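File shown: final13.cif. Contents: mmCIF, C-alpha atoms.
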```
data_run
#
loop_
_atom_site.label_atom_id
_atom_site.label_comp_id
_atom_site.auth_asym_id
_atom_site.auth_seq_id
_atom_site.Cartn_x
_atom_site.Cartn_y
_atom_site.Cartn_z
CA ILE A 1 19.80 113.82 203.05
CA ASN A 2 21.15 115.14 199.77
CA PHE A 3 20.13 118.78 200.02
CA ALA A 4 21.29 119.59 196.49
CA ILE A 5 19.04 116.94 194.93
CA PHE A 6 16.22 117.87 197.31
CA ALA A 7 16.43 121.47 196.15
CA ALA A 8 16.68 120.43 192.51
CA ASN A 9 13.54 118.33 192.81
CA HIS A 10 11.47 120.85 194.73
CA LEU A 11 12.50 124.31 193.58
CA HIS A 12 11.64 125.84 190.25
CA SER A 13 11.18 129.48 191.18
CA GLY A 14 14.88 130.32 191.47
CA LYS A 15 14.34 131.64 194.98
CA GLY A 16 16.47 128.92 196.50
CA LEU A 17 16.40 126.87 199.68
CA THR A 18 18.14 128.04 202.83
CA ILE A 19 19.51 125.42 205.20
CA HIS A 20 20.87 126.51 208.58
CA SER A 21 24.01 124.48 209.10
CA SER A 22 23.59 124.59 212.86
CA ASN A 23 21.58 121.42 212.15
CA LEU A 24 24.44 119.86 210.19
CA SER A 25 27.71 118.25 211.15
CA ARG A 26 30.76 118.78 208.95
CA ASP A 27 30.32 115.36 207.38
CA GLY A 28 26.90 116.41 206.12
CA SER A 29 24.89 114.23 208.55
CA LEU A 30 22.15 115.34 210.91
CA GLU A 31 23.66 113.36 213.77
CA ASN A 32 26.25 114.79 216.17
CA ALA A 33 25.78 118.16 214.53
CA VAL A 34 28.33 120.85 215.32
CA PRO A 35 26.56 124.16 216.09
CA SER A 36 27.52 126.86 213.63
CA THR A 37 26.27 130.24 212.46
CA GLU A 38 27.17 129.36 208.88
CA GLU A 39 24.25 129.27 206.48
CA LEU A 40 24.26 127.10 203.41
CA THR A 41 22.04 128.35 200.62
CA VAL A 42 21.41 126.08 197.70
CA LEU A 43 20.23 127.81 194.56
CA ALA A 44 19.20 124.99 192.29
CA THR A 45 17.59 124.12 189.01
CA GLU A 46 16.49 120.70 187.89
CA HIS A 47 19.36 118.25 187.47
CA PRO A 48 19.62 115.53 184.86
CA ILE A 49 19.32 111.95 186.05
CA VAL A 50 22.72 110.58 187.07
CA GLU A 51 23.99 108.51 184.15
CA ALA A 52 26.86 106.09 183.80
CA ASN A 53 28.98 108.57 181.85
CA LEU A 54 28.17 111.64 183.94
CA ILE A 55 30.99 114.01 184.91
CA GLN A 56 30.43 116.30 187.87
CA LEU A 57 32.28 119.62 187.76
CA VAL A 58 33.06 120.93 191.26
CA VAL A 59 33.96 124.61 190.92
CA ALA A 60 35.39 126.64 193.82
CA HIS A 61 34.31 130.25 193.33
CA CYS A 62 35.78 133.39 194.90
CA HIS A 63 35.49 136.64 192.92
CA ASP A 64 35.98 134.71 189.65
CA ASN A 65 34.31 135.27 186.30
CA LEU A 66 32.49 132.00 185.68
CA SER A 67 31.02 132.85 182.28
CA TRP A 68 33.50 130.42 180.71
CA LEU A 69 31.36 127.52 181.97
CA ASP A 70 28.96 128.21 179.10
CA ARG A 71 31.76 127.03 176.80
CA PHE A 72 30.62 123.49 177.63
CA ASP A 73 27.77 124.26 175.18
CA SER A 74 25.17 122.06 176.87
CA CYS A 75 24.35 119.93 179.91
CA ASN A 76 24.94 116.75 177.95
CA GLY A 77 26.93 114.45 180.26
CA ILE A 78 27.81 117.08 182.87
CA GLU A 79 26.54 118.42 186.17
CA ILE A 80 28.05 121.62 187.60
CA HIS A 81 28.33 122.31 191.34
CA ILE A 82 29.55 125.82 192.20
CA TYR A 83 30.75 126.42 195.76
CA SER A 84 30.74 130.15 196.46
CA LYS A 85 33.18 130.86 199.30
CA CYS A 86 33.51 134.65 199.35
CA ASN A 87 29.94 135.95 199.71
CA ASP A 88 29.87 137.36 196.19
CA ASP A 89 27.08 135.39 194.54
CA GLU A 90 26.15 138.49 192.58
CA ARG A 91 29.26 137.92 190.49
CA ILE A 92 28.00 134.53 189.33
CA PRO A 93 26.52 135.08 185.86
CA THR A 94 23.20 133.94 184.50
CA PHE A 95 24.19 130.91 182.49
CA VAL A 96 22.66 130.20 179.11
CA LYS A 97 23.94 126.89 177.75
CA VAL A 98 24.43 125.10 181.08
CA ALA A 99 21.72 126.77 183.16
CA ASP A 100 19.76 123.53 183.62
CA CYS A 101 22.62 121.61 185.23
CA VAL A 102 24.06 124.17 187.67
CA THR A 103 23.70 124.10 191.45
CA ILE A 104 25.15 126.96 193.50
CA TYR A 105 26.09 126.57 197.16
CA SER A 106 26.44 129.84 199.06
CA GLY A 107 27.90 130.64 202.44
CA ILE A 108 30.50 127.88 202.31
CA GLU A 109 33.11 128.18 205.04
CA ASN A 110 36.09 130.04 203.55
CA CYS A 111 38.90 127.81 204.81
CA GLY A 112 42.12 127.27 202.89
CA ARG A 113 41.64 127.85 199.20
CA GLU A 114 39.66 125.83 196.65
CA GLU A 115 40.53 122.50 198.31
CA TYR A 116 38.04 122.91 201.15
CA ALA A 117 35.18 123.12 198.65
CA PHE A 118 36.51 120.09 196.77
CA PHE A 119 36.61 117.86 199.83
CA LYS A 120 33.30 119.18 201.16
CA HIS A 121 31.69 118.02 197.93
CA VAL A 122 33.24 114.57 198.26
CA VAL A 123 32.12 114.26 201.89
CA ASP A 124 28.56 115.42 201.23
CA ASN A 125 28.19 113.11 198.23
CA TYR A 126 30.51 110.27 199.18
CA ASP A 127 27.99 107.47 198.60
CA LYS A 128 26.53 108.92 195.40
CA LEU A 129 29.48 110.20 193.42
CA PRO A 130 29.29 109.77 189.63
CA PRO A 131 31.94 107.81 187.71
CA MET A 132 34.13 110.92 187.18
CA VAL A 133 34.51 114.20 189.09
CA ALA A 134 36.44 117.26 187.85
CA PHE A 135 37.73 119.63 190.54
CA LEU A 136 38.21 123.14 189.18
CA GLN A 137 39.18 126.65 190.20
CA GLY A 138 36.77 129.42 189.30
CA SER A 139 39.50 130.84 187.06
CA SER A 140 40.22 127.52 185.33
CA ILE A 141 39.97 128.91 181.80
CA THR A 142 42.86 131.30 182.38
CA GLU A 143 44.96 128.65 184.08
CA ASN A 144 44.39 126.26 181.20
CA PRO A 145 42.70 127.53 178.02
CA HIS A 146 42.11 123.89 177.01
CA ILE A 147 40.11 123.15 180.16
CA VAL A 148 36.81 122.25 178.47
CA HIS A 149 38.51 119.78 176.17
CA ASP A 150 40.65 118.35 178.97
CA VAL A 151 37.65 117.74 181.25
CA MET A 152 35.65 115.96 178.57
CA SER A 153 38.45 113.95 176.97
CA TYR A 154 40.15 111.16 178.90
CA LEU A 155 41.28 107.57 178.42
CA PRO A 156 39.09 104.62 179.45
CA GLY A 157 40.05 103.48 182.93
CA THR A 158 41.31 106.90 184.02
CA ARG A 159 41.81 107.12 187.79
CA PHE A 160 43.46 110.57 188.01
CA LYS A 161 44.19 113.25 185.42
CA ASP A 162 45.80 116.65 185.93
CA LEU A 163 43.74 119.50 184.44
CA SER A 164 46.18 122.38 184.83
CA ARG A 165 48.91 121.16 182.44
CA HIS A 166 51.39 122.52 185.00
CA ILE A 167 53.60 119.54 185.87
CA ARG A 168 56.90 119.86 187.70
CA SER A 169 58.75 118.85 190.84
CA ALA A 170 57.53 119.77 194.31
CA TRP A 171 59.32 119.81 197.64
CA HIS A 172 57.07 121.80 199.97
CA PHE A 173 56.54 119.44 202.84
CA GLN A 174 60.17 118.78 203.58
CA ALA A 175 60.66 122.54 203.81
CA ASN A 176 57.73 122.96 206.21
CA ALA A 177 58.72 120.43 208.85
CA ASN A 178 57.59 122.73 211.68
CA SER A 179 53.96 121.95 210.86
CA THR A 180 53.44 118.65 212.67
CA ASP A 181 49.75 118.40 211.77
CA GLN A 182 50.40 119.02 208.09
CA ASN A 183 53.28 116.58 207.84
CA GLY A 184 51.52 113.97 209.91
CA ILE A 185 48.59 113.63 207.56
CA GLN A 186 50.90 113.57 204.53
CA GLU A 187 53.16 110.91 206.01
CA ARG A 188 50.16 108.70 206.74
CA THR A 189 48.54 109.12 203.32
CA SER A 190 51.65 108.54 201.18
CA PRO A 191 54.76 107.66 203.21
CA ILE A 192 56.82 106.73 200.12
CA VAL A 193 56.33 110.17 198.58
CA TYR A 194 56.74 111.91 201.92
CA GLU A 195 60.24 110.49 202.26
CA GLN A 196 61.33 112.01 198.93
CA LYS A 197 63.19 115.29 198.69
CA THR A 198 61.26 116.08 195.51
CA TRP A 199 58.59 114.42 193.41
CA VAL A 200 56.88 115.13 190.08
CA THR A 201 53.32 116.32 190.60
CA SER A 202 50.53 118.54 189.31
CA TRP A 203 50.17 122.16 190.40
CA ARG A 204 47.26 124.64 190.47
CA SER A 205 44.74 122.32 192.20
CA MET A 206 42.77 121.21 189.14
CA PHE A 207 42.26 117.54 188.42
CA LEU A 208 39.88 114.80 187.31
CA ALA A 209 39.39 111.75 189.55
CA SER A 210 37.29 108.64 189.21
CA ARG A 211 34.79 107.58 191.84
CA THR A 212 36.88 104.44 192.30
CA GLU A 213 39.97 106.48 193.10
CA LEU A 214 38.11 108.92 195.36
CA HIS A 215 36.77 105.97 197.33
CA THR A 216 40.28 104.70 198.08
CA LEU A 217 40.26 107.37 200.81
CA SER A 218 37.74 107.21 203.63
CA LYS A 219 35.18 109.93 204.23
CA ALA A 220 36.84 110.48 207.60
CA LEU A 221 40.14 111.33 205.90
CA TYR A 222 38.52 114.01 203.73
CA ILE A 223 36.90 115.47 206.84
CA GLU A 224 40.27 115.43 208.61
CA HIS A 225 41.83 117.37 205.74
CA ASN A 226 39.11 120.02 205.86
CA GLU A 227 39.42 120.38 209.61
CA LEU A 228 43.14 120.93 209.12
CA PHE A 229 42.48 123.61 206.47
CA CYS A 230 40.25 125.43 208.96
CA SER A 231 42.62 125.04 211.93
CA ASN A 232 45.27 127.58 210.83
CA LYS A 233 47.92 125.09 211.95
CA CYS A 234 49.57 124.75 208.54
CA THR A 235 52.44 126.83 207.22
CA ALA A 236 50.28 127.74 204.20
CA SER A 237 46.54 128.51 204.11
CA ASN A 238 45.81 125.36 202.11
CA CYS A 239 48.49 123.23 203.84
CA ASN A 240 50.29 123.08 200.48
CA ILE A 241 47.92 120.37 199.33
CA GLU A 242 48.09 121.83 195.83
CA VAL A 243 51.06 119.56 195.10
CA TRP A 244 49.81 116.66 197.23
CA PHE A 245 46.70 115.74 195.23
CA ALA A 246 48.66 113.54 192.80
CA PRO A 247 50.40 111.57 195.61
CA LEU A 248 47.15 111.42 197.56
CA PHE A 249 45.50 109.69 194.59
CA LYS A 250 48.61 107.61 193.80
CA CYS A 251 49.61 109.29 190.55
CA THR A 252 53.25 110.37 190.63
CA PRO A 253 56.26 108.64 188.97
CA VAL A 254 57.96 107.89 192.30
CA LEU A 255 55.15 105.40 193.02
CA PHE A 256 55.64 103.61 189.69
CA LYS A 257 58.84 101.70 190.35
CA GLY A 258 59.60 98.00 190.61
CA THR A 259 60.67 94.89 188.75
CA ASP A 260 57.26 94.58 187.09
CA CYS A 261 57.39 98.10 185.60
CA GLU A 262 58.12 98.91 181.96
CA THR A 263 58.95 102.40 180.67
CA ARG A 264 58.76 103.85 177.17
CA THR A 265 58.62 107.31 175.62
CA PHE A 266 56.88 108.58 172.49
CA ILE A 267 56.12 111.80 170.66
CA ALA A 268 52.59 112.67 171.74
CA ALA A 269 51.45 115.50 173.96
CA PRO A 270 48.57 117.93 174.39
CA ALA A 271 48.56 120.50 171.63
CA GLY A 272 50.06 123.78 172.77
CA VAL A 273 49.28 127.35 171.82
CA ASP A 274 51.13 130.53 172.67
CA GLU A 275 48.40 131.45 175.15
CA ASP A 276 49.47 128.54 177.34
CA LEU A 277 52.47 130.67 178.25
CA VAL A 278 50.53 133.66 179.58
CA LYS A 279 48.48 131.74 182.11
CA ASP A 280 47.40 133.42 185.29
CA ALA A 281 49.93 132.63 188.03
CA ASN A 282 52.34 131.11 185.52
CA PHE A 283 54.81 132.94 183.34
CA HIS A 284 52.98 136.22 182.68
CA PHE A 285 54.69 136.55 179.33
CA LYS A 286 53.92 139.70 177.42
CA ALA A 287 52.42 139.25 173.97
CA LYS A 288 55.60 140.01 172.03
CA ARG A 289 58.10 138.27 174.31
CA ALA A 290 60.00 135.26 172.93
CA LEU A 291 58.29 132.05 174.02
CA PRO A 292 60.16 128.87 174.98
CA LYS A 293 59.61 125.76 172.90
CA MET A 294 56.95 123.47 174.32
CA LYS A 295 57.90 119.89 175.14
CA SER A 296 56.29 117.01 173.29
CA VAL A 297 57.75 113.75 174.66
CA THR A 298 55.48 111.73 176.93
CA THR A 299 56.84 109.06 179.28
CA GLN A 300 54.71 105.99 179.97
CA ILE A 301 55.31 103.70 182.94
CA THR A 302 53.25 100.52 183.25
CA CYS A 303 53.41 98.53 186.49
CA GLY A 304 51.14 95.52 186.60
CA ASN A 305 47.64 96.75 185.80
CA ARG A 306 48.35 100.48 186.33
CA THR A 307 49.80 102.92 183.82
CA LEU A 308 51.10 106.44 184.39
CA PHE A 309 51.77 109.07 181.72
CA TYR A 310 53.75 112.21 182.43
CA MET A 311 55.61 115.06 180.79
CA GLU A 312 57.12 117.84 182.87
CA SER A 313 56.20 121.32 181.68
CA LYS A 314 54.78 124.45 183.30
CA ALA A 315 52.79 125.21 180.18
CA ASN A 316 51.83 121.97 178.47
CA GLY A 317 52.46 119.14 180.91
CA VAL A 318 50.86 115.72 181.31
CA LEU A 319 50.14 113.67 184.42
CA MET A 320 47.49 110.95 184.44
CA CYS A 321 47.01 107.41 185.69
CA VAL A 322 44.79 104.73 184.21
CA ASP A 323 43.87 101.12 184.87
CA GLY A 324 45.35 98.97 182.15
CA SER A 325 48.48 97.04 181.30
CA LYS A 326 48.69 97.49 177.52
CA LEU A 327 52.00 98.93 176.44
CA ASP A 328 51.04 100.85 173.31
CA TRP A 329 48.79 103.76 174.27
CA GLU A 330 50.25 106.20 171.77
CA GLU A 331 47.40 106.00 169.27
CA GLU A 332 44.75 106.51 171.96
CA LEU A 333 46.58 109.59 173.21
CA ARG A 334 46.88 111.01 169.70
CA ILE A 335 43.14 110.56 169.18
CA MET A 336 42.41 112.22 172.53
CA TYR A 337 44.53 115.27 171.67
CA LYS A 338 43.59 115.50 167.99
CA GLU A 339 40.71 117.97 168.18
CA ASP A 340 42.10 120.12 170.98
CA VAL A 341 43.49 123.19 169.23
CA GLN A 342 40.78 123.17 166.58
CA SER A 343 38.15 123.44 169.30
CA LEU A 344 39.81 126.31 171.18
CA ASN A 345 38.00 129.62 171.42
CA LEU A 346 40.14 132.21 173.17
CA SER A 347 38.23 135.33 172.13
CA GLY A 348 37.21 137.65 174.92
CA LEU A 349 39.28 136.07 177.67
CA GLU A 350 41.06 138.31 180.15
CA TRP A 351 44.22 136.86 181.71
CA GLY A 352 45.10 138.89 184.75
CA ALA A 353 46.35 142.20 183.39
CA ILE A 354 46.78 140.70 179.91
CA THR A 355 43.89 140.74 177.46
CA LEU A 356 44.36 138.31 174.61
CA ASN A 357 43.73 139.66 171.15
CA PRO A 358 43.59 136.89 168.51
CA ALA A 359 44.80 139.40 165.93
CA ASP A 360 48.12 139.96 167.73
#
```
Would you write the structure of this file as structure tokens?
Amino acid sequence: INFAIFAANHLHSGKGLTIHSSNLSRDGSLENAVPSTEELTVLATEHPIVEANLIQLVVAHCHDNLSWLDRFDSCNGIEIHIYSKCNDDERIPTFVKVADCVTIYSGIENCGREEYAFFKHVVDNYDKLPPMVAFLQGSSITENPHIVHDVMSYLPGTRFKDLSRHIRSAWHFQANANSTDQNGIQERTSPIVYEQKTWVTSWRSMFLASRTELHTLSKALYIEHNELFCSNKCTASNCNIEVWFAPLFKCTPVLFKGTDCETRTFIAAPAGVDEDLVKDANFHFKAKRALPKMKSVTTQITCGNRTLFYMESKANGVLMCVDGSKLDWEEELRIMYKEDVQSLNLSGLEWGAITLNPAD
């Protein structure tokens, strides 16, 4: 039973539908249910019919200001699912522009960080996922001020796309070898990457993935991840999966090697603004501090029918994988990035302790 759609089709009063999860197992089925005192409240409005070009936004909420979601302007082509993990639904605003396509799930088990909500959504909707799903933190706009553009703009055939623009090397799992459960699941899901001392990946747990790519992993594997997040057996609360999403969905340069691979570089990158360098949890630059030059060289690796694009940068990075063997993608990327800066609206955003003033 899809409780979100059930609520959307039957509730119009805004009072919501309460489901006692003692009747639910963790995989969302009514069979073999695991008794629990957790309550899942679905506050729903009518949803649009699922269309071929629909993007679902899965937003993990915990004390965040979600008013930025109204920057999507309308429900055209999107459906927003907010998973409230910290019992603070009162902080969720009354939306204006996207009110008709928002579903709010309350009382979600607060395991790990945002990743538990992400995988719960995949498990509960595994057989009815739309073509593209964006997984987002509640504070996405202050991690990436271009987030609205980046969610809605992607190349045909996209399988995985980073949405944080924070791309650099990771090494966590080799350093946390005492966590046998954590390392075991990583070694099974991507043994080639697991053997590396470092690998290039996306950080900040924000990404876009196609239904095709999400279905390369079984529902059971998503459930296993969430059980691990809730087990407290990892050396970090989220088992350091932040830097494992790209390997999990086969989008890291170390996987794009072989005799059939061709590499080229070109000058094309997401447009950068100074505000990219004062992101929450990034550099915390003060307004008048000298800012480093942003990189603008993208590397493309094509292996058979798969292509990877990447550019390492903490502020303006690129990591995405698409189906396709054509070698000249530069023009498509330039078109994708063309309207980015012109569409930015940074007024009124608060970035941690830093309030941006466009006049500065």
Item checked: Polymer residues at most 7 Å from region 181-195 of chain A, all atoms listed in the file, same-chain spacing of 5 or more positions, as a ChimeraX atom specification -> /A:173,233-234,239,247-248,254
>> Which residues, named as in the file, does the PyMOL selection byres ((chain A and resi 118) around 8) pick out? Answer as number ranges by chain.
In response: A: 58-60, 114-117, 119-122, 135
Care to translate the PyMOL selection byres ((chain A and resi 66-71) around 7) into actual residues of this file, as a PyMOL selection string?
chain A and resi 64-65+72-73+92-93+95-98+138+141
Could you spell out the hits of the PyMOL selection byres ((chain A and resi 160-169) around 8) on the shown file, as a CSV table (one decimal) with C-alpha atoms, in the coordinates of the input?
```csv
chain,number,residue,atom,x,y,z
A,140,SER,CA,40.2,127.5,185.3
A,143,GLU,CA,45.0,128.6,184.1
A,144,ASN,CA,44.4,126.3,181.2
A,147,ILE,CA,40.1,123.2,180.2
A,150,ASP,CA,40.6,118.4,179.0
A,151,VAL,CA,37.6,117.7,181.2
A,154,TYR,CA,40.2,111.2,178.9
A,158,THR,CA,41.3,106.9,184.0
A,159,ARG,CA,41.8,107.1,187.8
A,170,ALA,CA,57.5,119.8,194.3
A,171,TRP,CA,59.3,119.8,197.6
A,198,THR,CA,61.3,116.1,195.5
A,199,TRP,CA,58.6,114.4,193.4
A,200,VAL,CA,56.9,115.1,190.1
A,201,THR,CA,53.3,116.3,190.6
A,202,SER,CA,50.5,118.5,189.3
A,203,TRP,CA,50.2,122.2,190.4
A,204,ARG,CA,47.3,124.6,190.5
A,205,SER,CA,44.7,122.3,192.2
A,206,MET,CA,42.8,121.2,189.1
A,207,PHE,CA,42.3,117.5,188.4
A,208,LEU,CA,39.9,114.8,187.3
A,209,ALA,CA,39.4,111.8,189.6
A,210,SER,CA,37.3,108.6,189.2
A,213,GLU,CA,40.0,106.5,193.1
A,246,ALA,CA,48.7,113.5,192.8
A,249,PHE,CA,45.5,109.7,194.6
A,251,CYS,CA,49.6,109.3,190.6
A,311,MET,CA,55.6,115.1,180.8
A,312,GLU,CA,57.1,117.8,182.9
A,313,SER,CA,56.2,121.3,181.7
A,314,LYS,CA,54.8,124.4,183.3
A,315,ALA,CA,52.8,125.2,180.2
A,316,ASN,CA,51.8,122.0,178.5
A,317,GLY,CA,52.5,119.1,180.9
A,318,VAL,CA,50.9,115.7,181.3
A,319,LEU,CA,50.1,113.7,184.4
A,320,MET,CA,47.5,111.0,184.4
A,321,CYS,CA,47.0,107.4,185.7
A,322,VAL,CA,44.8,104.7,184.2
```
Between CA of Ile55 (chain A) and CA of Ile104 (chain A) lies a distance of 16.6 Å
Using only C-alpha atoms, the residue out of A:Asp260, A:Asp100, A:Glu275, A:Glu227 with shortest distance to Cys75 (chain A) is A:Asp100
